[in-house]
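**Q** This is the structure I want to talk about, given as structure tokens.
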Amino acid sequence: MNCREFTSFIADWLDGELPVGQAQVFQAHIAMCPPCEMYLLQYQSTVELARLCQPEDAVPGEVPEALIQAILAARPTGDGSDPTQP
Ligand SMILES: [Zn+2]
């Protein structure tokens with residue numbers, strides 16, 4: 001296994017979908033290739049961060065256009081404390 005193959009196997013390995021034989025080769029590569037070990041650690045922390053940012057599948061949809069327009073429309077007049085009007 002070379003470094004290019006290694007990086008292409010990382011996702012499968014983390015998902016536990018790598019066949020046993022390839023997983024052994026994968027881990028052997030980690031042991032002898034510090035740069036790939038570092039890459040794997042960074043990859044794992046990136047995945048972890050992504051999961052923290054999106055705790056569940058409930059990713060909010062788009063903000064309704066009507067809501068945006070309502071906010072923009074409400075902003076200029078506000079509560080009457082317009083500094084240009086003494
Ligand atoms: Zn490598």
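Chain labels A, B, ... are given in the sequence in which chains occur in the structure tokens; within each chain residues are numbered consecutively from 1, and ligands are likewise numbered from 1 in the order shown.
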Compile the contact shell of Ala23 (chain A) as a ChimeraX atom specification: residues with an atom at most 12 Å away, counting only C-alpha atoms, same-chain residues fewer than 6 positions apart removed.
**A** /A:1,6,9-17,29-30
**Q** Write a file of the just-selected residues containing C-alpha atoms, as an mmCIF file, in the first residue's frame.
**A**
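For reference, part15.cif as written:
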```
data_model
loop_
_atom_site.group_PDB
_atom_site.id
_atom_site.type_symbol
_atom_site.label_atom_id
_atom_site.label_comp_id
_atom_site.auth_asym_id
_atom_site.auth_seq_id
_atom_site.Cartn_x
_atom_site.Cartn_y
_atom_site.Cartn_z
ATOM 1 C CA MET A 1 0.000 0.000 0.000
ATOM 2 C CA PHE A 6 -3.777 4.834 2.238
ATOM 3 C CA PHE A 9 -8.918 3.796 2.453
ATOM 4 C CA ILE A 10 -9.256 6.097 5.471
ATOM 5 C CA ALA A 11 -13.004 6.703 5.154
ATOM 6 C CA ASP A 12 -13.748 2.993 4.778
ATOM 7 C CA TRP A 13 -11.443 2.155 7.658
ATOM 8 C CA LEU A 14 -13.141 4.636 9.973
ATOM 9 C CA ASP A 15 -16.509 3.223 8.967
ATOM 10 C CA GLY A 16 -15.266 -0.280 9.729
ATOM 11 C CA GLU A 17 -15.925 -1.302 6.140
ATOM 12 C CA HIS A 29 1.290 1.469 6.792
ATOM 13 C CA ILE A 30 0.444 3.692 9.769
#
```
**Q** As a quick test: using only C-alpha atoms and all ligand atoms, which residues lie no more than 12 Å away from ligand 1? Give them as JSON, numbers by chain.
**A** {"A": [1, 2, 3, 4, 5, 6, 7, 8, 9, 10, 25, 26, 27, 28, 29, 30, 31, 32, 33, 34, 35, 36, 37, 38, 39, 40]}
